[in-house]
Amino acid sequence: MIRICVAAFAVFALAACSKAPEDTTARYTLGGGVGTITVQAAANGDARVESGQQVLVRNGGTEYLVLTDSKGRFAARTSDFIAAMGEMMREEGMKPTGLGPQSDYELVKKGSETVAGVAGDVWNVRAKPAKDAKAAPPTETIEAVISGDPALANVGKALSMQTRLGTAGMQQVQGGQGNLEKRVEEMLDKGMVLRFGDALKLDKIEKAPIDAKVFALPAVIDKTALKARLNAERARARAASGAPPMEEKPGSAPAPAPAPAPTPAPGAK
């Protein structure tokens, strides 16, 4: 009986001390006051990230980009959007620029910092010192303050949706992931970003229940339908601008200007 009571007390104590994720809303300010980012992360992993008109949603473990074009509002899996844009670039004759010569980078913890009342570790991604002691010390450094608090883990994962979307675009252009991008990704995977250099800073954090309607999606379309709508938007934009058709070379597909993506839709609250 005593053993059972001790075990029960231990379970209760662990539960009381655990830091499981809970519904959290984080509001960030972009450098120079040019905009804001709002991250809503539910305890079950669902999330919504809004930056200006860009809306990203994780629902049921799948990530989506919410868009609006001339036909209305819709959503597409982020992976389908990335794949469709890559196919369109290749069809237009665009080739990756290549990564070129790269430096090696290292990830170094430099101390601690508190942002908006949340404590975090200061991390630097920097070029590794040259082997030649006489060489000038590296000056390129990317700094971020990251909280490793498990209770805020879902906010970090939510914000990474936006980071991965931007990184995927760079990889399409470059033809791969560079050493710098790899180290930055490693740094951001350490938890919730509180500050990223002078570009992004946590302004406020709120822990309160989030209505499940926040993570609801409009009609979701597949990659084939998405690509058709992207191409239609490109044609419509070109016609509206009065741009002349691109010259078609014999034996090759025409290479029109890159298609503008549909405008990401502001989400209804």
# chains A, B, ... in the order shown; residues from 1 in each chain; ligands from 1
call {"tool": "residues_around", "arguments": {"residues": "segment 37-47 of chain A", "least_positions_apart": "4", "cutoff": "9 Å", "atoms": "only C-alpha atoms", "output": "JSON, numbers by chain"}}
result
{"A": [20, 21, 22, 23, 24, 25, 26, 27, 28, 29, 30, 51, 52, 56, 57, 58, 59, 60, 61, 62, 63, 151, 152, 154, 155, 156, 157, 158, 159, 200, 209, 210, 212, 214, 215]}
call {"tool": "residues_around", "arguments": {"residues": "Leu180 of chain A", "least_positions_apart": "3", "cutoff": "9 Å", "atoms": "only C-alpha atoms", "output": "PyMOL selection string"}}
result
chain A and resi 102-106+125-127+177+183-185
call {"tool": "write_last_selection", "arguments": {"atoms": "C-alpha atoms", "output": "short mmCIF file (atom, residue, chain, number, x, y, z; two decimals), in the first residue's frame"}}
result
data_model
loop_
_atom_site.label_atom_id
_atom_site.label_comp_id
_atom_site.auth_asym_id
_atom_site.auth_seq_id
_atom_site.Cartn_x
_atom_site.Cartn_y
_atom_site.Cartn_z
CA GLN A 102 31.43 28.28 -49.58
CA SER A 103 32.94 28.94 -46.19
CA ASP A 104 32.52 26.56 -43.27
CA TYR A 105 30.32 27.76 -40.42
CA GLU A 106 29.94 26.87 -36.77
CA VAL A 125 26.31 31.23 -36.58
CA ARG A 126 29.71 32.39 -37.74
CA ALA A 127 32.37 31.51 -40.27
CA GLN A 177 21.27 24.16 -49.37
CA ARG A 183 23.82 26.06 -39.62
CA VAL A 184 21.02 28.63 -39.39
CA GLU A 185 18.46 25.83 -39.68
#
call {"tool": "select_by_dssp", "arguments": {"residues": "segment 47-263 of chain A", "states": "alpha helix (DSSP H)", "output": "ChimeraX atom specification"}}
result
/A:78-91,153-174,179-188,223-241
call {"tool": "write_last_selection", "arguments": {"atoms": "C-alpha atoms", "output": "mmCIF file, in the first residue's frame"}}
result
data_model
loop_
_atom_site.group_PDB
_atom_site.id
_atom_site.type_symbol
_atom_site.label_atom_id
_atom_site.label_comp_id
_atom_site.auth_asym_id
_atom_site.auth_seq_id
_atom_site.Cartn_x
_atom_site.Cartn_y
_atom_site.Cartn_z
ATOM 1 C CA THR A 78 3.116 23.843 -48.728
ATOM 2 C CA SER A 79 4.984 20.888 -50.244
ATOM 3 C CA ASP A 80 2.743 21.079 -53.348
ATOM 4 C CA PHE A 81 3.334 24.823 -53.637
ATOM 5 C CA ILE A 82 7.110 24.379 -53.488
ATOM 6 C CA ALA A 83 7.012 21.523 -56.022
ATOM 7 C CA ALA A 84 4.730 23.453 -58.396
ATOM 8 C CA MET A 85 6.932 26.549 -58.313
ATOM 9 C CA GLY A 86 10.009 24.407 -58.987
ATOM 10 C CA GLU A 87 8.348 22.775 -61.993
ATOM 11 C CA MET A 88 7.267 26.135 -63.362
ATOM 12 C CA MET A 89 10.787 27.517 -63.030
ATOM 13 C CA ARG A 90 12.206 24.575 -64.948
ATOM 14 C CA GLU A 91 9.517 24.821 -67.617
ATOM 15 C CA ALA A 153 8.070 24.310 -28.426
ATOM 16 C CA ASN A 154 4.957 24.503 -30.613
ATOM 17 C CA VAL A 155 5.479 28.227 -31.194
ATOM 18 C CA GLY A 156 9.003 27.493 -32.424
ATOM 19 C CA LYS A 157 7.722 24.759 -34.743
ATOM 20 C CA ALA A 158 5.004 27.053 -36.064
ATOM 21 C CA LEU A 159 7.386 29.899 -36.857
ATOM 22 C CA SER A 160 9.683 27.433 -38.639
ATOM 23 C CA MET A 161 6.953 26.923 -41.274
ATOM 24 C CA GLN A 162 7.747 30.376 -42.594
ATOM 25 C CA THR A 163 11.496 29.794 -42.365
ATOM 26 C CA ARG A 164 11.298 26.521 -44.302
ATOM 27 C CA LEU A 165 9.156 28.106 -47.017
ATOM 28 C CA GLY A 166 11.762 30.813 -47.565
ATOM 29 C CA THR A 167 14.617 28.305 -47.434
ATOM 30 C CA ALA A 168 12.902 26.081 -49.988
ATOM 31 C CA GLY A 169 12.635 29.030 -52.349
ATOM 32 C CA MET A 170 16.345 29.742 -51.992
ATOM 33 C CA GLN A 171 17.164 26.096 -52.641
ATOM 34 C CA GLN A 172 15.139 26.193 -55.868
ATOM 35 C CA VAL A 173 17.188 29.168 -57.036
ATOM 36 C CA GLN A 174 20.570 27.924 -55.800
ATOM 37 C CA ASN A 179 26.595 25.642 -45.444
ATOM 38 C CA LEU A 180 25.326 28.887 -43.940
ATOM 39 C CA GLU A 181 21.688 27.878 -44.376
ATOM 40 C CA LYS A 182 22.381 24.492 -42.763
ATOM 41 C CA ARG A 183 23.822 26.060 -39.621
ATOM 42 C CA VAL A 184 21.024 28.626 -39.389
ATOM 43 C CA GLU A 185 18.461 25.829 -39.677
ATOM 44 C CA GLU A 186 20.262 23.932 -36.909
ATOM 45 C CA MET A 187 20.121 27.044 -34.734
ATOM 46 C CA LEU A 188 16.410 27.657 -35.302
ATOM 47 C CA LYS A 223 -0.700 20.276 -57.037
ATOM 48 C CA THR A 224 -2.188 19.926 -60.535
ATOM 49 C CA ALA A 225 -5.001 22.367 -59.774
ATOM 50 C CA LEU A 226 -2.600 24.699 -57.977
ATOM 51 C CA LYS A 227 -0.235 24.807 -60.926
ATOM 52 C CA ALA A 228 -3.119 25.562 -63.283
ATOM 53 C CA ARG A 229 -4.230 28.465 -61.109
ATOM 54 C CA LEU A 230 -0.692 29.812 -60.819
ATOM 55 C CA ASN A 231 -0.306 29.738 -64.594
ATOM 56 C CA ALA A 232 -3.718 31.363 -65.049
ATOM 57 C CA GLU A 233 -2.753 34.160 -62.663
ATOM 58 C CA ARG A 234 0.475 34.726 -64.588
ATOM 59 C CA ALA A 235 -1.413 34.976 -67.873
ATOM 60 C CA ARG A 236 -4.002 37.310 -66.349
ATOM 61 C CA ALA A 237 -1.312 39.573 -64.856
ATOM 62 C CA ARG A 238 0.560 39.680 -68.167
ATOM 63 C CA ALA A 239 -2.591 40.559 -70.089
ATOM 64 C CA ALA A 240 -3.492 43.286 -67.586
ATOM 65 C CA SER A 241 -0.040 44.838 -67.879
#
call {"tool": "residues_around", "arguments": {"residues": "Arg195 of chain A", "least_positions_apart": "5", "cutoff": "9 Å", "atoms": "only C-alpha atoms", "output": "PyMOL selection string"}}
result
chain A and resi 28+115+143-146+200-202
call {"tool": "write_last_selection", "arguments": {"atoms": "C-alpha atoms", "output": "PDB file, in the first residue's frame"}}
result
ATOM      1  CA  TYR A  28       6.625  39.650 -33.095  1.00  0.00           C
ATOM      2  CA  VAL A 115      13.210  39.123 -24.440  1.00  0.00           C
ATOM      3  CA  GLU A 143      22.734  35.919 -34.078  1.00  0.00           C
ATOM      4  CA  ALA A 144      19.498  34.675 -32.554  1.00  0.00           C
ATOM      5  CA  VAL A 145      18.060  34.282 -29.072  1.00  0.00           C
ATOM      6  CA  ILE A 146      16.291  30.947 -28.665  1.00  0.00           C
ATOM      7  CA  LEU A 200      12.674  39.997 -35.669  1.00  0.00           C
ATOM      8  CA  LYS A 201      11.884  40.408 -31.965  1.00  0.00           C
ATOM      9  CA  LEU A 202       9.248  38.944 -29.667  1.00  0.00           C
TER      10      LEU A 202
END
